[in-house]
$ cat upload.pdb   # PDB, C-alpha atoms, pLDDT in the B column
ATOM      1  CA  MET A   1      28.646   4.053  41.429  1.00 52.00           C
ATOM      2  CA  ALA A   2      29.617   1.093  39.289  1.00 69.00           C
ATOM      3  CA  GLY A   3      27.353  -1.465  40.848  1.00 85.00           C
ATOM      4  CA  TYR A   4      24.092  -3.279  40.580  1.00 88.00           C
ATOM      5  CA  ILE A   5      21.494  -5.045  42.661  1.00 92.00           C
ATOM      6  CA  ILE A   6      21.820  -8.812  42.893  1.00 93.00           C
ATOM      7  CA  PRO A   7      18.442 -10.559  43.119  1.00 94.00           C
ATOM      8  CA  VAL A   8      18.443 -12.644  46.306  1.00 95.00           C
ATOM      9  CA  GLU A   9      16.980 -15.632  44.469  1.00 94.00           C
ATOM     10  CA  ARG A  10      20.076 -15.784  42.235  1.00 94.00           C
ATOM     11  CA  LEU A  11      22.253 -16.865  45.168  1.00 94.00           C
ATOM     12  CA  SER A  12      22.368 -20.353  46.559  1.00 96.00           C
ATOM     13  CA  PRO A  13      21.241 -20.635  50.189  1.00 96.00           C
ATOM     14  CA  GLU A  14      24.875 -21.187  51.171  1.00 97.00           C
ATOM     15  CA  ALA A  15      26.127 -18.120  49.278  1.00 95.00           C
ATOM     16  CA  LEU A  16      23.357 -15.952  50.723  1.00 96.00           C
ATOM     17  CA  ALA A  17      24.184 -17.171  54.228  1.00 97.00           C
ATOM     18  CA  GLY A  18      27.853 -16.318  53.648  1.00 96.00           C
ATOM     19  CA  VAL A  19      27.049 -12.776  52.507  1.00 95.00           C
ATOM     20  CA  ILE A  20      24.747 -12.212  55.474  1.00 96.00           C
ATOM     21  CA  GLU A  21      27.306 -13.655  57.926  1.00 95.00           C
ATOM     22  CA  ALA A  22      30.001 -11.339  56.576  1.00 93.00           C
ATOM     23  CA  PHE A  23      27.648  -8.370  56.821  1.00 92.00           C
ATOM     24  CA  VAL A  24      26.564  -8.952  60.418  1.00 91.00           C
ATOM     25  CA  ALA A  25      30.163  -9.633  61.481  1.00 89.00           C
ATOM     26  CA  ARG A  26      31.250  -6.142  60.398  1.00 84.00           C
ATOM     27  CA  GLU A  27      31.812  -3.405  62.923  1.00 66.00           C
ATOM     28  CA  GLY A  28      29.077  -0.802  62.994  1.00 62.00           C
ATOM     29  CA  THR A  29      26.093  -3.067  62.429  1.00 53.00           C
ATOM     30  CA  ASP A  30      24.480  -2.089  65.734  1.00 59.00           C
ATOM     31  CA  TYR A  31      20.841  -2.873  66.292  1.00 57.00           C
ATOM     32  CA  GLY A  32      19.797  -0.334  68.912  1.00 59.00           C
ATOM     33  CA  ALA A  33      20.360   0.207  72.611  1.00 60.00           C
ATOM     34  CA  ARG A  34      20.722  -3.511  73.328  1.00 67.00           C
ATOM     35  CA  GLU A  35      23.198  -5.606  71.407  1.00 73.00           C
ATOM     36  CA  ALA A  36      21.520  -8.433  69.508  1.00 78.00           C
ATOM     37  CA  SER A  37      23.104 -11.852  69.142  1.00 85.00           C
ATOM     38  CA  ARG A  38      24.757 -12.671  65.842  1.00 86.00           C
ATOM     39  CA  GLU A  39      22.010 -15.234  65.183  1.00 91.00           C
ATOM     40  CA  THR A  40      19.321 -12.594  65.765  1.00 90.00           C
ATOM     41  CA  LYS A  41      21.113 -10.140  63.457  1.00 89.00           C
ATOM     42  CA  PHE A  42      21.477 -12.849  60.806  1.00 94.00           C
ATOM     43  CA  ASN A  43      17.773 -13.723  60.956  1.00 95.00           C
ATOM     44  CA  GLN A  44      16.700 -10.077  60.845  1.00 93.00           C
ATOM     45  CA  VAL A  45      18.864  -9.303  57.815  1.00 94.00           C
ATOM     46  CA  LYS A  46      17.777 -12.459  55.983  1.00 96.00           C
ATOM     47  CA  GLU A  47      14.121 -11.662  56.606  1.00 97.00           C
ATOM     48  CA  GLN A  48      14.603  -8.104  55.315  1.00 96.00           C
ATOM     49  CA  LEU A  49      16.291  -9.391  52.164  1.00 97.00           C
ATOM     50  CA  LEU A  50      13.595 -11.981  51.502  1.00 96.00           C
ATOM     51  CA  ARG A  51      10.748  -9.481  51.858  1.00 96.00           C
ATOM     52  CA  GLY A  52      12.520  -6.800  49.798  1.00 95.00           C
ATOM     53  CA  ALA A  53      13.146  -4.317  52.611  1.00 96.00           C
ATOM     54  CA  ALA A  54      16.894  -4.669  51.962  1.00 96.00           C
ATOM     55  CA  VAL A  55      18.856  -5.496  48.813  1.00 96.00           C
ATOM     56  CA  LEU A  56      22.195  -7.038  47.897  1.00 96.00           C
ATOM     57  CA  VAL A  57      24.424  -4.642  45.979  1.00 94.00           C
ATOM     58  CA  PHE A  58      27.562  -5.610  44.083  1.00 91.00           C
ATOM     59  CA  ASP A  59      30.113  -2.799  43.822  1.00 87.00           C
ATOM     60  CA  GLY A  60      32.261  -3.301  40.740  1.00 85.00           C
ATOM     61  CA  GLU A  61      34.900  -0.831  41.913  1.00 87.00           C
ATOM     62  CA  THR A  62      35.642  -2.700  45.141  1.00 89.00           C
ATOM     63  CA  GLU A  63      34.410  -6.090  43.883  1.00 90.00           C
ATOM     64  CA  SER A  64      32.416  -6.490  47.074  1.00 90.00           C
ATOM     65  CA  VAL A  65      28.824  -7.117  48.083  1.00 92.00           C
ATOM     66  CA  ASN A  66      26.944  -4.968  50.552  1.00 92.00           C
ATOM     67  CA  ILE A  67      23.428  -4.987  51.978  1.00 94.00           C
ATOM     68  CA  LEU A  68      21.487  -1.733  51.857  1.00 93.00           C
ATOM     69  CA  PRO A  69      17.969  -0.722  52.832  1.00 94.00           C
ATOM     70  CA  ALA A  70      15.717  -0.833  49.762  1.00 93.00           C
ATOM     71  CA  GLY A  71      15.019   2.901  50.090  1.00 91.00           C
ATOM     72  CA  ASP A  72      18.663   3.981  50.335  1.00 92.00           C
ATOM     73  CA  PRO A  73      19.306   6.970  48.013  1.00 91.00           C
ATOM     74  CA  VAL A  74      22.592   5.438  46.813  1.00 87.00           C
ATOM     75  CA  LEU A  75      20.554   2.847  44.911  1.00 89.00           C
ATOM     76  CA  LYS A  76      19.442   5.570  42.484  1.00 86.00           C
ATOM     77  CA  LYS A  77      23.077   5.949  41.410  1.00 83.00           C
ATOM     78  CA  LEU A  78      23.488   2.307  40.424  1.00 80.00           C
ATOM     79  CA  ASP A  79      23.712   1.112  36.870  1.00 63.00           C
ATOM     80  CA  THR A  80      20.455  -0.218  35.557  1.00 54.00           C
ATOM     81  CA  PRO A  81      20.470  -3.616  33.826  1.00 52.00           C
ATOM     82  CA  ASP A  82      20.258  -1.745  30.506  1.00 45.00           C
ATOM     83  CA  THR A  83      23.391   0.354  31.173  1.00 41.00           C
ATOM     84  CA  ALA A  84      25.501  -1.993  33.311  1.00 44.00           C
ATOM     85  CA  GLY A  85      28.865  -2.450  31.661  1.00 46.00           C
ATOM     86  CA  SER A  86      28.087  -0.033  28.806  1.00 43.00           C
ATOM     87  CA  GLY A  87      29.978   2.891  30.316  1.00 44.00           C
ATOM     88  CA  THR A  88      26.919   5.168  30.355  1.00 41.00           C
TER      89      THR A  88
END

$ encode --input "upload.pdb" --output "structure tokens"
Amino acid sequence: MAGYIIPVERLSPEALAGVIEAFVAREGTDYGAREASRETKFNQVKEQLLRGAAVLVFDGETESVNILPAGDPVLKKLDTPDTAGSGT
């Protein structure tokens, strides 16, 4: 995967809010048996990002940002800062 983790602190509060809003607005972001409000989803995702339980991932192939759980196995396939852009 041609992507890398974006440190949350690198985004402005407005940019972070925009990424989170786009994420929670997507189909398939269910939160259990009861549907949570968009505000609740937003707050839960933001809290997970701030405490490191979730990470922002930029995908260079699709030029998009996604939010993944910090333990997601796909993160092992990402470029490291040392190899990003080097083609290795």

$ closest_residue --input "upload.pdb" --among "A:Leu68, A:Leu16, A:Val74, A:Leu11" --to "Gly52 in chain A" --atoms "only C-alpha atoms"
A:Leu68

$ closest_residue --input "upload.pdb" --among "A:Asn43, A:Ser37, A:Asn66, A:Gln48" --to "Phe23 in chain A" --atoms "all atoms listed in the file"
A:Asn66

$ residues_around --input "upload.pdb" --residues "Lys46 in chain A" --least-positions-apart "4" --cutoff "10 Å" --atoms "all atoms listed in the file" --output "CSV table (one decimal) with C-alpha atoms, in the coordinates of the input"
chain,number,residue,atom,x,y,z
A,8,VAL,CA,18.4,-12.6,46.3
A,16,LEU,CA,23.4,-16.0,50.7
A,17,ALA,CA,24.2,-17.2,54.2
A,19,VAL,CA,27.0,-12.8,52.5
A,20,ILE,CA,24.7,-12.2,55.5
A,21,GLU,CA,27.3,-13.7,57.9
A,40,THR,CA,19.3,-12.6,65.8
A,41,LYS,CA,21.1,-10.1,63.5
A,42,PHE,CA,21.5,-12.8,60.8
A,50,LEU,CA,13.6,-12.0,51.5
A,51,ARG,CA,10.7,-9.5,51.9
A,52,GLY,CA,12.5,-6.8,49.8
A,53,ALA,CA,13.1,-4.3,52.6
A,54,ALA,CA,16.9,-4.7,52.0

$ atom_distance --input "upload.pdb" --atom1 "CA of Glu35 in chain A" --atom2 "CA of Ile6 in chain A"
28.7 Å

$ atom_distance --input "upload.pdb" --atom1 "CA of Leu78 in chain A" --atom2 "CA of Glu9 in chain A"
19.5 Å

$ atom_distance --input "upload.pdb" --atom1 "CA of Arg10 in chain A" --atom2 "CA of Ala36 in chain A"
28.3 Å

$ closest_residue --input "upload.pdb" --among "A:Ala22, A:Ala15, A:Leu75, A:Ile5" --to "Leu56 in chain A" --atoms "only C-alpha atoms"
A:Ile5

$ closest_residue --input "upload.pdb" --among "A:Thr62, A:Pro7, A:Pro73, A:Gly18" --to "Leu49 in chain A" --atoms "all atoms listed in the file"
A:Pro7

$ axis_aligned_box --input "upload.pdb" --around "range 67-77 of chain A" --padding-each-side "6 Å" --output "AutoDock Vina command-line options"
--center_x 19.2 --center_y 1.0 --center_z 47.1 --size_x 20.4 --size_y 24.0 --size_z 23.4
